[in-house]
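Visitor: Pasting in a structure now, in structure tokens, and then I'll have a few things to ask.
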Amino acid sequence: MSLSRQIHLDFHCSEKIPEIGSQFSKKDFQETLKQAKVNAINLFAKCHHSWSYYPTQVGQMHPNLNFDLLGEQIEACREMGIATHIYFTVGWSANDAEAHPQWCARNRNGDFIINGMDEGAGSSAVDDYSTGAGALPHFYWKFLCLNSPYHRLIVEQVKELCQSYRVNGFWFDIYQVHRLCFCNNCQKSLKDQGVDPEDTAAHEAFQVSFIRAHCQELSELIHGFMPEASVFFNGTTALESGANFRHTMYAENTNQDLEDLPTTWGGYDKLPMQSKFFLNAGYSITAMSGKFHTDWGEFGGFKHPDALRFEAASMIAFGAQCNFGDQLHPDGHIDHSTYEHIGQAYAYVEQIEAYGIGGKPIARLGVWRSFDEQADEGLCKLLMEEQVDFDIANFSQDFSEYSVLILPSQARLSEVVVSKIESFIGKGGAVILMGKALLNFSQKTQASAFAVNYRGPASHDCDYTKVRSAPESFFVKSPFLNYEPAEQVE
Ligand SMILES: [Zn+2]
């Protein structure tokens with residue numbers, strides 16, 4: 001069953017908000033989702049404030065909720081044939097962090113690792129708020145460390161959910177392996193394993209090991225109860241310094257959700273490369289966007305229905321299932337305008353989804369993904385502006401499916417890949433190198449295959465291009481400025 005038309009129904013409710021879920025109507029919830037042609041939804045079990053939205057013996061139910069909201073939502077969806085995924089936050093959990101500071105991730109100075117701001121500025125911003133001198137920062141979540149008893153708490157809470165509900169999948173949030181943790185537990189583990197905490201690569205590998213073990217334990221637990229359930233760990237498909245891709249942190253996911261919200265932090269240039277990469281890696285994919293413009297928690301913000309339709313159609317064109325983020329009002333009522341708009345987009349998706357989802361990208365032009373965000377996306381943007389289709393070549397055995405291979409400027413290739421490319425050239429394949437990608441090859445190959453001699457890095461902070469015998473159609477005849485200088489070759 002293709003879960004082509006999904007909703008991520010955000011629901012992070014502070015304890016200061018009264019009457020949680022008091023206006024929830026099962027009938028209205030069902031009719032609204034049905035009208036919008038939704039066929040799958042992420043529903044909240046536990047939010048960033050640590051509150052659970054169901055009766056629990058091993059967690060804390062929201063103090064202002066007096067019924068099983070999660071259970072009623074799951075039941076409502078089951079009756080309508082809508083697939084349900086349980087949302088459960090891990091990396092941020094405010095009350096767990098306050099109650100157990102020893103479970104919190106720490107930087108090398110021993111300060112909390114806080115989202116979205118440098119730690120020093122974060123602490124002072126909160127101090128300012130406490131004394132009335134400043135506004136509370138837009139974001140303020142302490143990261144928790146899974147190399148602590150917190151992991152066991154999560155396992156027990158997920159086990160309770162598995163015992164209580166039958167769902168189609170689990171959606172765990174906030175995994176950021178690249179943020180190195182120096183908490184007491186991690187310092188001790190690193191010492192026991194003889195790892196220097198300042199050896200970034202070794203420290204990262206250590207962190208990968210316990211986060212991966214955590215993900216594997218949750219997957220096994222869930223599949224013990226629900227063998228067919230999808231399991232996804234959000235954050236593991238994001239670029240984030242490349243750590244996710246260096247360590248294939250996404251390997252524990254049964255489906256790859258791409259939370260690259262285009263108008264929030266993703267931009268419209270992320271999905272083409274992300275989708276082609278993960279489809280080639282053999283996964284089903286879900287592209288996420290928001291019904292809102294800025295960020296999660298934007299109540300009352302609306303994209304124009306045409307924008308939603310465009311985004312949804314792009315997702316299908318790039319082989320992805322669609323997921324639009326919305327937030328349920330804390331009182332539990334679902335917003336009708338939102339679903340009228342999403343419904344217009346999803347009515348169109350219903351007509352075209354069979355032609356796109358899970359499609360295999362095929363093109364004669366292969367792009368090597370370097371995992372340098374700027375270099376990769378710049379290259380993809382250039383190709384898309386020229387309407388040149390491309391594939392991601394990283395999973396190719398010998399590049400024989402391509403006529404042309406392009407390497408972005410920050411590509412750093414292993415000897416094996418260099419050798420494969422040289423062999424591809426030997427068989428008549430064409431290779432276009434951007435900037436420093438040339439430096440992956442020996443001087444001999446540079447001269448023989450690319451007919452250049454490398455003279456060294458740029459000598460100035462910008463340079464100029466003068467096109468010899470430019471065609472008449474070329475719009476500049478005089479030297480024009482390059483904002484960044486090129487490598488020097490002749
Ligand atoms: Zn730690």
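A note on labels: chains of the structure tokens are A, B, ... as shown, every chain counts residues from 1, and ligands are counted from 1 in their shown order.
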Among segment 323-366 of chain A, which ones does DSSP place in strand (DSSP E or B), written as number ranges by chain?
Guide: A: 323-327, 365-366
Visitor: Go ahead and write the selection's residues with N, CA, C and O atoms as a PDB file, in the first residue's frame.
Guide:
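Below is the file part.pdb, written as the result:
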```pdb
ATOM      1  N   ASN A 323       4.120  14.192   2.179  1.00  0.00           N
ATOM      2  CA  ASN A 323       3.732  14.412   3.570  1.00  0.00           C
ATOM      3  C   ASN A 323       3.726  15.909   3.837  1.00  0.00           C
ATOM      4  O   ASN A 323       4.757  16.571   3.695  1.00  0.00           O
ATOM      5  N   PHE A 324       2.547  16.443   4.196  1.00  0.00           N
ATOM      6  CA  PHE A 324       2.465  17.850   4.590  1.00  0.00           C
ATOM      7  C   PHE A 324       2.315  17.947   6.096  1.00  0.00           C
ATOM      8  O   PHE A 324       1.503  17.252   6.701  1.00  0.00           O
ATOM      9  N   GLY A 325       3.131  18.822   6.671  1.00  0.00           N
ATOM     10  CA  GLY A 325       3.062  19.053   8.103  1.00  0.00           C
ATOM     11  C   GLY A 325       1.963  20.048   8.432  1.00  0.00           C
ATOM     12  O   GLY A 325       1.791  21.055   7.746  1.00  0.00           O
ATOM     13  N   ASP A 326       1.233  19.717   9.477  1.00  0.00           N
ATOM     14  CA  ASP A 326       0.215  20.627  10.013  1.00  0.00           C
ATOM     15  C   ASP A 326       0.370  20.539  11.521  1.00  0.00           C
ATOM     16  O   ASP A 326       1.109  19.687  12.022  1.00  0.00           O
ATOM     17  N   GLN A 327      -0.268  21.414  12.270  1.00  0.00           N
ATOM     18  CA  GLN A 327      -0.300  21.211  13.707  1.00  0.00           C
ATOM     19  C   GLN A 327      -1.745  21.227  14.183  1.00  0.00           C
ATOM     20  O   GLN A 327      -2.522  22.098  13.813  1.00  0.00           O
ATOM     21  N   LEU A 365      23.118  11.289 -17.771  1.00  0.00           N
ATOM     22  CA  LEU A 365      24.066  12.152 -17.067  1.00  0.00           C
ATOM     23  C   LEU A 365      24.097  11.755 -15.595  1.00  0.00           C
ATOM     24  O   LEU A 365      23.062  11.761 -14.927  1.00  0.00           O
ATOM     25  N   GLY A 366      25.266  11.397 -15.112  1.00  0.00           N
ATOM     26  CA  GLY A 366      25.401  11.023 -13.702  1.00  0.00           C
ATOM     27  C   GLY A 366      26.113  12.113 -12.923  1.00  0.00           C
ATOM     28  O   GLY A 366      27.126  12.646 -13.374  1.00  0.00           O
TER      29      GLY A 366
END
```
Visitor: Please, which residues have at least one atom within 7 Å of an atom of ligand 1, using only C-alpha atoms and all ligand atoms, listed as a short mmCIF file (atom, residue, chain, number, x, y, z; two decimals) with N, CA and C atoms, in the first residue's frame?
Guide:
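The resulting file, result-v1.cif, is shown below:
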```cif
data_model
loop_
_atom_site.label_atom_id
_atom_site.label_comp_id
_atom_site.auth_asym_id
_atom_site.auth_seq_id
_atom_site.Cartn_x
_atom_site.Cartn_y
_atom_site.Cartn_z
N CYS A 104 21.51 14.67 30.10
CA CYS A 104 21.60 15.65 29.01
C CYS A 104 22.96 15.60 28.32
N ALA A 105 22.93 15.85 27.02
CA ALA A 105 24.18 15.95 26.25
C ALA A 105 24.91 17.23 26.66
N ARG A 106 26.23 17.15 26.72
CA ARG A 106 27.04 18.30 27.16
C ARG A 106 28.13 18.58 26.14
N CYS A 145 21.19 12.67 25.90
CA CYS A 145 22.22 11.74 25.43
C CYS A 145 21.71 10.31 25.64
N LEU A 146 21.81 9.51 24.60
CA LEU A 146 21.31 8.13 24.67
C LEU A 146 22.30 7.18 25.34
N ASN A 147 23.50 7.67 25.63
CA ASN A 147 24.46 6.85 26.37
C ASN A 147 24.22 7.07 27.87
N CYS A 181 29.03 14.55 22.12
CA CYS A 181 28.62 14.70 23.52
C CYS A 181 29.80 14.42 24.45
N PHE A 182 29.96 15.31 25.44
CA PHE A 182 31.03 15.17 26.44
C PHE A 182 30.43 15.00 27.84
N CYS A 183 29.23 14.41 27.93
CA CYS A 183 28.62 14.23 29.26
C CYS A 183 29.48 13.24 30.07
N ASN A 184 29.21 13.15 31.35
CA ASN A 184 30.03 12.28 32.20
C ASN A 184 30.00 10.84 31.72
N ASN A 185 28.81 10.37 31.32
CA ASN A 185 28.71 8.98 30.83
C ASN A 185 29.58 8.78 29.60
N CYS A 186 29.51 9.74 28.67
CA CYS A 186 30.29 9.59 27.44
C CYS A 186 31.79 9.69 27.74
#
```
Visitor: Taking 4 positions as the minimum chain separation for residues in the same chain, which residues sit within 6 Å of segment 154-171 of chain A when counting only C-alpha atoms? Answer as number ranges by chain.
Guide: A: 58, 83-87, 229-232
Visitor: How about saving the chosen residues, N, CA, C and O atoms kept, as a tab-separated table (two decimals), in the first residue's frame?
Guide:
```tsv
chain	number	residue	atom	x	y	z
A	58	VAL	N	4.62	4.39	32.43
A	58	VAL	CA	6.08	4.60	32.41
A	58	VAL	C	6.46	5.97	31.85
A	58	VAL	O	7.64	6.26	31.69
A	83	ALA	N	-3.69	4.88	7.33
A	83	ALA	CA	-2.55	4.28	8.04
A	83	ALA	C	-2.07	5.23	9.13
A	83	ALA	O	-2.10	6.46	8.96
A	84	THR	N	-1.62	4.68	10.25
A	84	THR	CA	-1.18	5.51	11.37
A	84	THR	C	0.27	5.22	11.74
A	84	THR	O	0.70	4.07	11.80
A	85	HIS	N	1.02	6.31	11.97
A	85	HIS	CA	2.39	6.21	12.46
A	85	HIS	C	2.44	6.94	13.80
A	85	HIS	O	1.93	8.06	13.91
A	86	ILE	N	3.05	6.32	14.77
A	86	ILE	CA	3.18	6.96	16.08
A	86	ILE	C	4.41	7.86	16.08
A	86	ILE	O	5.52	7.42	15.79
A	87	TYR	N	4.20	9.14	16.41
A	87	TYR	CA	5.30	10.09	16.58
A	87	TYR	C	5.78	10.02	18.02
A	87	TYR	O	4.98	10.04	18.97
A	229	ALA	N	5.59	-3.18	10.63
A	229	ALA	CA	5.59	-1.74	10.92
A	229	ALA	C	6.79	-1.04	10.28
A	229	ALA	O	7.90	-1.58	10.25
A	230	SER	N	6.55	0.16	9.78
A	230	SER	CA	7.67	0.98	9.32
A	230	SER	C	8.30	1.63	10.54
A	230	SER	O	7.63	1.87	11.55
A	231	VAL	N	9.61	1.86	10.46
A	231	VAL	CA	10.31	2.53	11.56
A	231	VAL	C	11.22	3.58	10.93
A	231	VAL	O	11.97	3.28	10.00
A	232	PHE	N	11.12	4.80	11.45
A	232	PHE	CA	11.93	5.89	10.91
A	232	PHE	C	12.51	6.72	12.04
A	232	PHE	O	11.82	7.03	13.01
```
Visitor: Report the distance between atom CA of Ala458 of chain A and atom CA of Gly435 of chain A in Å, rounded to one decimal place.
Guide: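 A separation of 10.5 Å between them.
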Visitor: When distances are computed from only C-alpha atoms, which of A:Ala354, A:Ile342, A:Leu405, A:Ala251 shows the smallest separation from Val367 of chain A?
Guide: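 Once distances to Val367 of chain A are computed over only C-alpha atoms, the minimum belongs to A:Leu405.
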Visitor: So how far away is atom CA of Ile41 of chain A from atom CA of Gln6 of chain A, in Å?
Guide: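 We find that atom CA of Gln6 of chain A and atom CA of Ile41 of chain A lie 5.3 Å from each other.
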Visitor: Report, in Å to a single decimal, how far apart atom CA of His329 of chain A and atom CA of Gln73 of chain A are.
Guide: 13.9 Å
Visitor: Excluding Ile17 of chain A and its own-chain neighbours fewer than 2 positions away, which residues fall within 9 Å of it when counting only C-alpha atoms? Please give them as a PyMOL selection string.
Guide: chain A and resi 13-15+19-20+64+330-331
Visitor: Nearest residue to Pro149 of chain A out of A:Ser400, A:Ser414, A:Asn453, A:Gln102, using only C-alpha atoms?
Guide: A:Gln102
Visitor: Please identify all polymer residues within 9 Å of Glu415 of chain A, counting only C-alpha atoms, omitting same-chain residues fewer than 4 positions from it, and present them as a count of residues only.
Guide: 3
Visitor: Would you mind listing what lies within 9 Å of Gly59 of chain A as a ChimeraX atom specification, with only C-alpha atoms counted and same-chain residues fewer than 2 positions away left out?
Guide: /A:46,50-52,55-57,61,153,156-157
Visitor: Skipping near chain neighbours, those fewer than 4 positions away, what residues fall within 9 Å of Arg455 of chain A using only C-alpha atoms, listed as a list in words?
Guide: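 Near Arg455 of chain A, the qualifying residues are Glu487, Gln488, Val489 and Glu490 of chain A.
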Visitor: Counting only C-alpha atoms, what are the residues of segment 366-446 of chain A within 12 Å of segment 277-290 of chain A, and for each of them which pair of atoms is the nearest and at what distance in Å, to one decimal? Sort the table by chain and rising number, as JSON lines.
Guide:
```
{"residue": "A:Gly366", "atom": "CA", "partner": "A:Phe277", "partner_atom": "CA", "distance": 11.3}
{"residue": "A:Val367", "atom": "CA", "partner": "A:Phe277", "partner_atom": "CA", "distance": 10.1}
{"residue": "A:Trp368", "atom": "CA", "partner": "A:Phe277", "partner_atom": "CA", "distance": 9.9}
{"residue": "A:Arg369", "atom": "CA", "partner": "A:Phe277", "partner_atom": "CA", "distance": 8.1}
{"residue": "A:Ser370", "atom": "CA", "partner": "A:Phe277", "partner_atom": "CA", "distance": 11.3}
{"residue": "A:Phe371", "atom": "CA", "partner": "A:Phe277", "partner_atom": "CA", "distance": 10.7}
{"residue": "A:Asp376", "atom": "CA", "partner": "A:Phe277", "partner_atom": "CA", "distance": 11.9}
{"residue": "A:Phe390", "atom": "CA", "partner": "A:Phe277", "partner_atom": "CA", "distance": 11.2}
{"residue": "A:Asp391", "atom": "CA", "partner": "A:Phe277", "partner_atom": "CA", "distance": 8.2}
{"residue": "A:Ile392", "atom": "CA", "partner": "A:Phe277", "partner_atom": "CA", "distance": 5.8}
{"residue": "A:Ala393", "atom": "CA", "partner": "A:Phe277", "partner_atom": "CA", "distance": 8.3}
{"residue": "A:Asn394", "atom": "CA", "partner": "A:Phe277", "partner_atom": "CA", "distance": 7.9}
{"residue": "A:Phe395", "atom": "CA", "partner": "A:Asn280", "partner_atom": "CA", "distance": 6.6}
{"residue": "A:Ser396", "atom": "CA", "partner": "A:Asn280", "partner_atom": "CA", "distance": 8.8}
{"residue": "A:Gln397", "atom": "CA", "partner": "A:Asn280", "partner_atom": "CA", "distance": 11.9}
```
Visitor: For Ile362 of chain A, which residue out of A:Gln30, A:Ser403, A:Thr254, A:Gln374 is the nearest one, using only C-alpha atoms?
Guide: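 Among the listed residues, the smallest separation from Ile362 of chain A belongs to A:Ser403.
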Visitor: Which is closer to Tyr339 of chain A than all the others in A:Ile357, A:Leu308, A:Met80, A:Val416, using only C-alpha atoms?
Guide: A:Leu308
Visitor: Please return, as a ChimeraX atom specification, all residues of segment 89-231 of chain A that DSSP assigns to helix (DSSP H, G or I) on the basis of the backbone.
Guide: /A:94-99,101-103,119-130,150-164,184-192,200-225
